[in-house]
Amino acid sequence: MTYSQLIQRLFQINLFGGAKLELQNCFKLQKLLNYPDRSFHTIHVAGTNGKGSVVTKIAAGLEHAGYRVGLYTSPHLSCFRERIRINKQMIPEEAIEELLPYLFNLAEAEQIPATFFELTTFLALLYFAREKVDFAVLETGLGGRLDATNIVSPLLSVITSISLDHTDILGPSIESIAKEKAGIIKPSTPVVIGPRVPHSQIQLIAEQLQSPCIAVKEGSSFFEEENRLIARASLQQLSSHFPLSSESIAKGLEAKQPCRFERVPGPHPIILDVAHNPDGLIHLFDAMHQHFPNRPIRVLFGLSKNKDLSRCLDILHSHAHHFHLVEAPNGRGVSCNQLKAELQALKVDNSRLSIHPSIAEGTVKAKEEAAAHGQALVVCGSFFIMSHVRQALGFVEPCDFIDLNERCLPSRLA
């Protein structure tokens with residue numbers, strides 16, 4: 001089967017259910033595959049916001065020091081292969097064509113009903129083992145305790161931040177979400193925690209496991225600065241056991257993922273950011289007002305159905321002069337009509353609302369209007385609109401023929 005056929009088959013698994021938060025499948029696959037995760041050192045990162053940026057910075061610091069580093073992230077923006085990288089290079093299609101059929105056949109032969117994310121996680125672990133990486137930096141998918149990545153025995157765990165998100169799955173409070181995220185802490189294994197983590201709760205769990213807890217207490221109103229502090233503490237912890245110079249750490253901290261306060265080249269400010277929950281949006285607009293003071297803001301956005309819609313819209317409406325409403329075409333987005341109705345309920349006048357039949361059309365229109373009115377354009381919200389936005393803005397990058405991100409439906413915690 002070709003790459004396109006294989007990932008389409010992988011995507012088809014999504015059609016029969018959402019997130020499955022348990023580890024039974026993963027433990028079975030791990031044993032059958034002879035524990036591929038034990039052939040390299042692992043750093044495991046969880047958190048509500050910031051985990052993608054932190055894993056990127058940690059991986060970059062290790063790579064600059066001369067190590068061969070695997071990086072596993074999710075979701076992806078434009079291409080499934082973005083999720084699995086070694087020293088910044090995406091997994092080749094040929095490697096997927098070789099490894100994914102083996103995983104499909106194994107799961108079928110052993111009658112293991114593995115999910116999209118479980119199979120993708122083992123695809124990454126097999127690839128990293130085959131390519132003999134020195135380190136693998138893994139980002140959790142959802143939560144931590146029952147996430148498919150939590151089968152590893154890391155040399156360092158990291159919890160970046162905790163705020164209310166995925167409350168239908170992880171629980172309704174900071175305390176319940178913190179407990180799930182803290183599930184990645186392993187006995188006698190150091191854990192780095194960020195400033196927006198409930199320190200006393202996590203430190204108590206770490207003490208019970210006899211795991212050293214390194215708390216980053218210096219906070220920032222800007223995610224980038226906060227993520228740098230967490231990544232620096234993580235790399236400094238690793239440097240106590242592995243050769244890792246201060247220069248390598250500094251270089252690593254400069255690394256950034258796309259769509260994290262990413263400015264599009266051009267004469268007028270356009271910012272792409274996947275802030276999609278209240279905490280993320282608050283930090284995004286704090287950064288906008290810092291970088292572009294007194295500049296009015298025009299927003300193009302779409303949100304996924306499992307988000308705190310009313311709180312997100314309350315934040316957006318307090319900062320934007322005009323709204324361009326779009327919906328991800330994968331069935332996971334809130335409809336434009338619902339977004340419009342919710343904003344109207346917040347007393348936003350119809351003259352400030354634009355609904356677009358396509359993300360591309362909305363992007364072009366929003367860019368033109370922002371330039372004409374001297375506004376900064378912010379594109380934010382769901383990961384699942386960003387590929388279309390980037391294409392409309394002229395980015396040239398690998399792109400799959402359909403959206404191949406997994407579904408994320410409510411699921412009961414085991």
# chains A, B, ... in the order shown; residues from 1 in each chain; ligands from 1
call {"tool": "select_by_dssp", "arguments": {"residues": "region 202-412 of chain A", "states": "helix (DSSP H, G or I)", "output": "VMD selection string"}}
result
chain A and resid 202 to 208 223 to 239 246 to 253 278 to 291 309 to 317 336 to 345 350 to 352 359 to 372 383 to 392
call {"tool": "write_last_selection", "arguments": {"atoms": "C-alpha atoms", "output": "PDB file, in the first residue's frame"}}
result
ATOM      1  CA  ILE A 202       2.137  17.990  42.164  1.00  0.00           C
ATOM      2  CA  GLN A 203       4.964  18.167  44.700  1.00  0.00           C
ATOM      3  CA  LEU A 204       3.003  15.933  47.063  1.00  0.00           C
ATOM      4  CA  ILE A 205       2.545  13.335  44.302  1.00  0.00           C
ATOM      5  CA  ALA A 206       6.246  13.592  43.438  1.00  0.00           C
ATOM      6  CA  GLU A 207       7.218  13.111  47.079  1.00  0.00           C
ATOM      7  CA  GLN A 208       5.077   9.996  47.330  1.00  0.00           C
ATOM      8  CA  PHE A 223       3.784  31.928  26.712  1.00  0.00           C
ATOM      9  CA  GLU A 224       7.058  32.067  24.790  1.00  0.00           C
ATOM     10  CA  GLU A 225       8.999  33.359  27.773  1.00  0.00           C
ATOM     11  CA  GLU A 226       7.338  30.872  30.108  1.00  0.00           C
ATOM     12  CA  ASN A 227       8.038  27.977  27.749  1.00  0.00           C
ATOM     13  CA  ARG A 228      11.682  29.051  27.534  1.00  0.00           C
ATOM     14  CA  LEU A 229      11.985  28.980  31.323  1.00  0.00           C
ATOM     15  CA  ILE A 230      10.506  25.473  31.500  1.00  0.00           C
ATOM     16  CA  ALA A 231      12.658  24.168  28.653  1.00  0.00           C
ATOM     17  CA  ARG A 232      15.777  25.725  30.175  1.00  0.00           C
ATOM     18  CA  ALA A 233      15.124  24.045  33.528  1.00  0.00           C
ATOM     19  CA  SER A 234      14.574  20.746  31.697  1.00  0.00           C
ATOM     20  CA  LEU A 235      17.772  21.017  29.666  1.00  0.00           C
ATOM     21  CA  GLN A 236      19.762  22.051  32.737  1.00  0.00           C
ATOM     22  CA  GLN A 237      18.465  18.975  34.535  1.00  0.00           C
ATOM     23  CA  LEU A 238      19.556  16.787  31.607  1.00  0.00           C
ATOM     24  CA  SER A 239      22.966  18.476  31.543  1.00  0.00           C
ATOM     25  CA  SER A 246      25.196  26.377  27.891  1.00  0.00           C
ATOM     26  CA  GLU A 247      25.465  27.328  24.217  1.00  0.00           C
ATOM     27  CA  SER A 248      23.407  24.272  23.189  1.00  0.00           C
ATOM     28  CA  ILE A 249      20.791  25.109  25.790  1.00  0.00           C
ATOM     29  CA  ALA A 250      20.602  28.703  24.548  1.00  0.00           C
ATOM     30  CA  LYS A 251      20.273  27.558  20.931  1.00  0.00           C
ATOM     31  CA  GLY A 252      17.522  25.138  21.884  1.00  0.00           C
ATOM     32  CA  LEU A 253      15.487  27.850  23.564  1.00  0.00           C
ATOM     33  CA  PRO A 278      -9.332  30.499  27.506  1.00  0.00           C
ATOM     34  CA  ASP A 279      -5.860  30.445  29.029  1.00  0.00           C
ATOM     35  CA  GLY A 280      -4.215  30.318  25.611  1.00  0.00           C
ATOM     36  CA  LEU A 281      -6.323  33.183  24.264  1.00  0.00           C
ATOM     37  CA  ILE A 282      -5.621  35.397  27.275  1.00  0.00           C
ATOM     38  CA  HIS A 283      -1.884  34.949  26.768  1.00  0.00           C
ATOM     39  CA  LEU A 284      -2.195  35.484  23.010  1.00  0.00           C
ATOM     40  CA  PHE A 285      -3.866  38.874  23.364  1.00  0.00           C
ATOM     41  CA  ASP A 286      -1.509  39.926  26.154  1.00  0.00           C
ATOM     42  CA  ALA A 287       1.306  39.303  23.662  1.00  0.00           C
ATOM     43  CA  MET A 288      -0.540  41.165  20.888  1.00  0.00           C
ATOM     44  CA  HIS A 289      -0.959  44.273  23.036  1.00  0.00           C
ATOM     45  CA  GLN A 290       2.695  44.087  24.058  1.00  0.00           C
ATOM     46  CA  HIS A 291       4.036  43.709  20.503  1.00  0.00           C
ATOM     47  CA  LEU A 309     -17.080  28.223  23.766  1.00  0.00           C
ATOM     48  CA  SER A 310     -18.664  30.934  25.893  1.00  0.00           C
ATOM     49  CA  ARG A 311     -15.466  31.800  27.742  1.00  0.00           C
ATOM     50  CA  CYS A 312     -13.378  31.769  24.550  1.00  0.00           C
ATOM     51  CA  LEU A 313     -15.806  34.080  22.785  1.00  0.00           C
ATOM     52  CA  ASP A 314     -15.971  36.386  25.793  1.00  0.00           C
ATOM     53  CA  ILE A 315     -12.183  36.828  25.583  1.00  0.00           C
ATOM     54  CA  LEU A 316     -12.209  37.277  21.808  1.00  0.00           C
ATOM     55  CA  HIS A 317     -14.988  39.839  21.790  1.00  0.00           C
ATOM     56  CA  CYS A 336     -20.173  29.661  11.824  1.00  0.00           C
ATOM     57  CA  ASN A 337     -23.852  30.285  12.514  1.00  0.00           C
ATOM     58  CA  GLN A 338     -23.436  29.182  16.131  1.00  0.00           C
ATOM     59  CA  LEU A 339     -20.354  31.352  16.559  1.00  0.00           C
ATOM     60  CA  LYS A 340     -22.295  34.283  15.115  1.00  0.00           C
ATOM     61  CA  ALA A 341     -25.267  33.711  17.420  1.00  0.00           C
ATOM     62  CA  GLU A 342     -23.028  33.490  20.481  1.00  0.00           C
ATOM     63  CA  LEU A 343     -21.239  36.718  19.566  1.00  0.00           C
ATOM     64  CA  GLN A 344     -24.548  38.475  18.918  1.00  0.00           C
ATOM     65  CA  ALA A 345     -25.595  37.421  22.420  1.00  0.00           C
ATOM     66  CA  ASN A 350     -23.677  42.388  12.790  1.00  0.00           C
ATOM     67  CA  SER A 351     -21.456  44.907  11.016  1.00  0.00           C
ATOM     68  CA  ARG A 352     -18.485  43.414  12.895  1.00  0.00           C
ATOM     69  CA  ILE A 359     -11.273  29.178   5.179  1.00  0.00           C
ATOM     70  CA  ALA A 360      -9.250  30.241   2.151  1.00  0.00           C
ATOM     71  CA  GLU A 361     -11.805  32.874   1.124  1.00  0.00           C
ATOM     72  CA  GLY A 362     -12.017  34.132   4.704  1.00  0.00           C
ATOM     73  CA  THR A 363      -8.244  34.378   4.985  1.00  0.00           C
ATOM     74  CA  VAL A 364      -7.876  36.435   1.812  1.00  0.00           C
ATOM     75  CA  LYS A 365     -10.722  38.755   2.796  1.00  0.00           C
ATOM     76  CA  ALA A 366      -9.488  39.203   6.383  1.00  0.00           C
ATOM     77  CA  LYS A 367      -5.965  39.997   5.147  1.00  0.00           C
ATOM     78  CA  GLU A 368      -7.264  42.599   2.701  1.00  0.00           C
ATOM     79  CA  GLU A 369      -9.541  44.257   5.257  1.00  0.00           C
ATOM     80  CA  ALA A 370      -6.875  44.326   7.980  1.00  0.00           C
ATOM     81  CA  ALA A 371      -4.412  46.030   5.618  1.00  0.00           C
ATOM     82  CA  ALA A 372      -7.035  48.527   4.442  1.00  0.00           C
ATOM     83  CA  PHE A 383      -5.356  23.515  14.776  1.00  0.00           C
ATOM     84  CA  PHE A 384      -7.674  22.248  12.072  1.00  0.00           C
ATOM     85  CA  ILE A 385      -8.107  25.561  10.253  1.00  0.00           C
ATOM     86  CA  MET A 386      -4.398  26.360  10.048  1.00  0.00           C
ATOM     87  CA  SER A 387      -3.431  24.247   7.045  1.00  0.00           C
ATOM     88  CA  HIS A 388      -6.024  26.031   4.884  1.00  0.00           C
ATOM     89  CA  VAL A 389      -4.981  29.424   6.258  1.00  0.00           C
ATOM     90  CA  ARG A 390      -1.311  28.785   5.550  1.00  0.00           C
ATOM     91  CA  GLN A 391      -2.013  27.666   2.000  1.00  0.00           C
ATOM     92  CA  ALA A 392      -4.114  30.785   1.381  1.00  0.00           C
TER      93      ALA A 392
END
call {"tool": "closest_atom_pairs", "arguments": {"of": "region 56-146 of chain A", "to": "region 27-35 of chain A", "cutoff": "10 Å", "atoms": "only C-alpha atoms", "output": "CSV"}}
result
residue,atom,partner,partner_atom,distance
A:Leu103,CA,A:Leu29,CA,8.8
A:Leu106,CA,A:Leu29,CA,8.3
A:Ala107,CA,A:Leu29,CA,7.7
A:Glu110,CA,A:Lys28,CA,9.0
A:Ile112,CA,A:Lys28,CA,8.0
A:Ala114,CA,A:Leu29,CA,8.9
A:Glu118,CA,A:Leu29,CA,9.2
A:Leu119,CA,A:Leu29,CA,9.1
A:Phe122,CA,A:Gln30,CA,7.9
A:Leu125,CA,A:Tyr35,CA,8.9
A:Leu126,CA,A:Leu33,CA,8.2
A:Ala129,CA,A:Tyr35,CA,9.4
call {"tool": "write_last_selection", "arguments": {"atoms": "N, CA, C and O atoms", "output": "compact mmCIF listing (two decimals), in the first residue's frame"}}
result
# COMPACT_ATOMS: atom_id res chain seq x y z
N LEU A 103 2.42 -2.82 11.80
CA LEU A 103 1.59 -2.54 12.97
C LEU A 103 0.14 -2.95 12.74
O LEU A 103 -0.50 -3.54 13.63
N LEU A 106 -0.02 -6.77 12.95
CA LEU A 106 0.18 -7.25 14.32
C LEU A 106 -1.08 -7.03 15.16
O LEU A 106 -1.53 -7.94 15.87
N ALA A 107 -1.65 -5.84 15.07
CA ALA A 107 -2.85 -5.54 15.85
C ALA A 107 -4.01 -6.45 15.43
O ALA A 107 -4.78 -6.93 16.27
N GLU A 110 -3.33 -10.16 16.62
CA GLU A 110 -3.45 -10.31 18.07
C GLU A 110 -4.78 -9.79 18.61
O GLU A 110 -5.00 -9.77 19.81
N ILE A 112 -6.04 -6.77 18.76
CA ILE A 112 -5.87 -5.58 19.59
C ILE A 112 -6.56 -4.42 18.89
O ILE A 112 -6.12 -3.99 17.82
N ALA A 114 -6.50 -1.32 18.44
CA ALA A 114 -5.70 -0.12 18.66
C ALA A 114 -6.31 1.09 17.96
O ALA A 114 -6.84 0.99 16.86
N GLU A 118 -2.85 5.43 19.31
CA GLU A 118 -2.00 4.33 19.77
C GLU A 118 -1.10 3.81 18.66
O GLU A 118 0.11 3.61 18.86
N LEU A 119 -1.66 3.61 17.50
CA LEU A 119 -0.86 3.12 16.37
C LEU A 119 0.18 4.16 15.95
O LEU A 119 1.33 3.82 15.62
N PHE A 122 3.12 4.10 18.37
CA PHE A 122 4.05 2.98 18.16
C PHE A 122 4.78 3.09 16.83
O PHE A 122 5.91 2.60 16.71
N LEU A 125 7.68 5.20 17.94
CA LEU A 125 8.65 4.47 18.76
C LEU A 125 9.45 3.48 17.92
O LEU A 125 10.67 3.34 18.10
N LEU A 126 8.78 2.78 17.00
CA LEU A 126 9.48 1.84 16.12
C LEU A 126 10.48 2.57 15.23
O LEU A 126 11.61 2.11 15.03
N ALA A 129 13.48 3.72 17.25
CA ALA A 129 14.35 2.59 17.59
C ALA A 129 15.14 2.14 16.36
O ALA A 129 16.35 1.87 16.46
call {"tool": "closest_residue", "arguments": {"among": "A:Glu82, A:Glu94, A:Asp37, A:Glu139", "to": "Gly52 (chain A)", "atoms": "only C-alpha atoms"}}
result
A:Glu139
call {"tool": "closest_residue", "arguments": {"among": "A:Gly381, A:Pro265, A:Gly183, A:Gly333", "to": "Phe301 (chain A)", "atoms": "only C-alpha atoms"}}
result
A:Gly381
call {"tool": "select_by_dssp", "arguments": {"residues": "region 179-332 of chain A", "states": "strand (DSSP E)", "output": "PyMOL selection string"}}
result
chain A and resi 191-196+213-215+262-263+270-273+297-302+322-325
call {"tool": "closest_residue", "arguments": {"among": "A:Ala95, A:Asn277, A:Lys181, A:Phe117", "to": "Phe11 (chain A)", "atoms": "only C-alpha atoms"}}
result
A:Phe117
call {"tool": "atom_distance", "arguments": {"atom1": "CA of Asp273 (chain A)", "atom2": "CA of Gly374 (chain A)"}}
result
20.0 Å
call {"tool": "atom_distance", "arguments": {"atom1": "CA of Arg83 (chain A)", "atom2": "CA of Pro195 (chain A)"}}
result
26.9 Å
call {"tool": "residues_around", "arguments": {"residues": "Ser153 (chain A)", "least_positions_apart": "2", "cutoff": "9 Å", "atoms": "only C-alpha atoms", "output": "VMD selection string"}}
result
chain A and resid 37 to 38 41 to 44 150 to 151 155 to 156 186 189
call {"tool": "write_last_selection", "arguments": {"atoms": "N, CA and C atoms", "output": "CSV table (one decimal), in the first residue's frame"}}
result
chain,number,residue,atom,x,y,z
A,37,ASP,N,10.8,1.3,23.0
A,37,ASP,CA,11.1,2.6,23.8
A,37,ASP,C,12.3,2.4,24.7
A,38,ARG,N,12.7,1.2,24.9
A,38,ARG,CA,13.9,1.0,25.8
A,38,ARG,C,15.2,1.1,25.1
A,41,HIS,N,16.9,7.1,25.3
A,41,HIS,CA,16.4,7.9,26.5
A,41,HIS,C,15.2,8.7,26.1
A,42,THR,N,14.3,8.8,27.1
A,42,THR,CA,13.0,9.5,26.8
A,42,THR,C,12.8,10.7,27.7
A,43,ILE,N,12.3,11.8,27.2
A,43,ILE,CA,11.8,12.9,27.9
A,43,ILE,C,10.3,13.0,27.6
A,44,HIS,N,9.5,13.0,28.6
A,44,HIS,CA,8.0,12.9,28.5
A,44,HIS,C,7.4,14.2,29.0
A,150,ASN,N,2.2,7.1,27.8
A,150,ASN,CA,2.6,6.9,29.2
A,150,ASN,C,3.1,5.5,29.5
A,151,ILE,N,3.4,4.8,28.5
A,151,ILE,CA,4.1,3.4,28.7
A,151,ILE,C,5.6,3.6,28.9
A,155,LEU,N,13.6,9.5,31.5
A,155,LEU,CA,14.7,9.9,32.4
A,155,LEU,C,14.3,11.3,33.0
A,156,LEU,N,13.3,12.0,32.4
A,156,LEU,CA,12.7,13.2,32.9
A,156,LEU,C,11.3,13.4,32.4
A,186,LYS,N,7.0,9.3,37.2
A,186,LYS,CA,7.4,7.9,37.4
A,186,LYS,C,8.3,7.9,38.7
A,189,THR,N,12.0,9.5,39.4
A,189,THR,CA,12.4,10.1,38.2
A,189,THR,C,12.1,11.6,38.3
call {"tool": "closest_residue", "arguments": {"among": "A:Gly266, A:Pro101, A:Pro398, A:Pro258", "to": "Thr120 (chain A)", "atoms": "only C-alpha atoms"}}
result
A:Pro101
call {"tool": "decode", "arguments": {"residues": "region 364-377 of chain A", "atoms": "all heavy atoms", "output": "CSV table (one decimal), in the first residue's frame"}}
result
chain,number,residue,atom,x,y,z
A,364,VAL,N,-8.2,35.4,2.8
A,364,VAL,CA,-7.9,36.4,1.8
A,364,VAL,C,-8.6,37.7,2.2
A,364,VAL,O,-8.1,38.8,2.1
A,364,VAL,CB,-8.2,36.0,0.4
A,364,VAL,CG1,-8.1,37.1,-0.6
A,364,VAL,CG2,-7.3,34.8,0.0
A,365,LYS,N,-9.9,37.6,2.5
A,365,LYS,CA,-10.7,38.8,2.8
A,365,LYS,C,-10.2,39.4,4.1
A,365,LYS,O,-10.1,40.7,4.1
A,365,LYS,CB,-12.2,38.3,3.0
A,365,LYS,CG,-13.1,39.5,3.2
A,365,LYS,CD,-13.2,40.4,2.0
A,365,LYS,CE,-14.3,41.4,2.2
A,365,LYS,NZ,-14.4,42.4,1.0
A,366,ALA,N,-9.9,38.6,5.1
A,366,ALA,CA,-9.5,39.2,6.4
A,366,ALA,C,-8.2,39.9,6.2
A,366,ALA,O,-7.9,41.0,6.8
A,366,ALA,CB,-9.4,38.1,7.4
A,367,LYS,N,-7.3,39.4,5.4
A,367,LYS,CA,-6.0,40.0,5.1
A,367,LYS,C,-6.2,41.3,4.4
A,367,LYS,O,-5.5,42.3,4.8
A,367,LYS,CB,-5.1,39.1,4.3
A,367,LYS,CG,-3.7,39.6,4.0
A,367,LYS,CD,-3.0,38.7,3.1
A,367,LYS,CE,-1.6,39.3,2.7
A,367,LYS,NZ,-0.8,38.4,1.8
A,368,GLU,N,-7.0,41.4,3.4
A,368,GLU,CA,-7.3,42.6,2.7
A,368,GLU,C,-7.9,43.7,3.6
A,368,GLU,O,-7.4,44.8,3.6
A,368,GLU,CB,-8.2,42.3,1.5
A,368,GLU,CG,-7.6,41.5,0.4
A,368,GLU,CD,-8.6,41.1,-0.6
A,368,GLU,OE1,-9.8,41.4,-0.4
A,368,GLU,OE2,-8.2,40.6,-1.7
A,369,GLU,N,-8.9,43.3,4.4
A,369,GLU,CA,-9.5,44.3,5.3
A,369,GLU,C,-8.6,44.8,6.4
A,369,GLU,O,-8.7,46.0,6.7
A,369,GLU,CB,-10.8,43.6,5.9
A,369,GLU,CG,-11.9,43.3,4.9
A,369,GLU,CD,-12.5,44.6,4.3
A,369,GLU,OE1,-12.6,45.6,5.0
A,369,GLU,OE2,-12.8,44.6,3.1
A,370,ALA,N,-7.8,43.9,6.9
A,370,ALA,CA,-6.9,44.3,8.0
A,370,ALA,C,-5.9,45.4,7.4
A,370,ALA,O,-5.6,46.4,8.1
A,370,ALA,CB,-6.1,43.1,8.6
A,371,ALA,N,-5.4,45.1,6.2
A,371,ALA,CA,-4.4,46.0,5.6
A,371,ALA,C,-5.1,47.4,5.3
A,371,ALA,O,-4.5,48.4,5.5
A,371,ALA,CB,-3.8,45.4,4.4
A,372,ALA,N,-6.3,47.3,4.8
A,372,ALA,CA,-7.0,48.5,4.4
A,372,ALA,C,-7.3,49.4,5.6
A,372,ALA,O,-7.4,50.6,5.5
A,372,ALA,CB,-8.3,48.2,3.7
A,373,HIS,N,-7.5,48.8,6.8
A,373,HIS,CA,-7.9,49.5,8.0
A,373,HIS,C,-6.8,49.7,9.0
A,373,HIS,O,-7.0,50.2,10.1
A,373,HIS,CB,-9.1,48.8,8.7
A,373,HIS,CG,-10.4,48.9,7.9
A,373,HIS,ND1,-10.7,47.9,7.0
A,373,HIS,CD2,-11.4,49.8,8.0
A,373,HIS,CE1,-11.9,48.2,6.5
A,373,HIS,NE2,-12.3,49.3,7.0
A,374,GLY,N,-5.6,49.3,8.6
A,374,GLY,CA,-4.4,49.5,9.5
A,374,GLY,C,-4.5,48.7,10.7
A,374,GLY,O,-4.0,49.1,11.8
A,375,GLN,N,-5.1,47.5,10.6
A,375,GLN,CA,-5.2,46.6,11.7
A,375,GLN,C,-4.2,45.4,11.7
A,375,GLN,O,-3.7,45.1,10.7
A,375,GLN,CB,-6.7,46.0,11.7
A,375,GLN,CG,-7.8,47.0,11.9
A,375,GLN,CD,-9.1,46.5,11.5
A,375,GLN,OE1,-9.3,45.6,10.7
A,375,GLN,NE2,-10.2,47.0,12.2
A,376,ALA,N,-4.0,44.9,12.9
A,376,ALA,CA,-3.3,43.6,13.0
A,376,ALA,C,-4.3,42.5,12.8
A,376,ALA,O,-5.4,42.5,13.3
A,376,ALA,CB,-2.6,43.5,14.3
A,377,LEU,N,-3.9,41.5,12.0
A,377,LEU,CA,-4.8,40.3,11.8
A,377,LEU,C,-4.3,39.2,12.7
A,377,LEU,O,-3.1,38.8,12.6
A,377,LEU,CB,-4.8,39.9,10.4
A,377,LEU,CG,-5.6,38.6,10.1
A,377,LEU,CD1,-7.0,38.7,10.5
A,377,LEU,CD2,-5.4,38.2,8.6
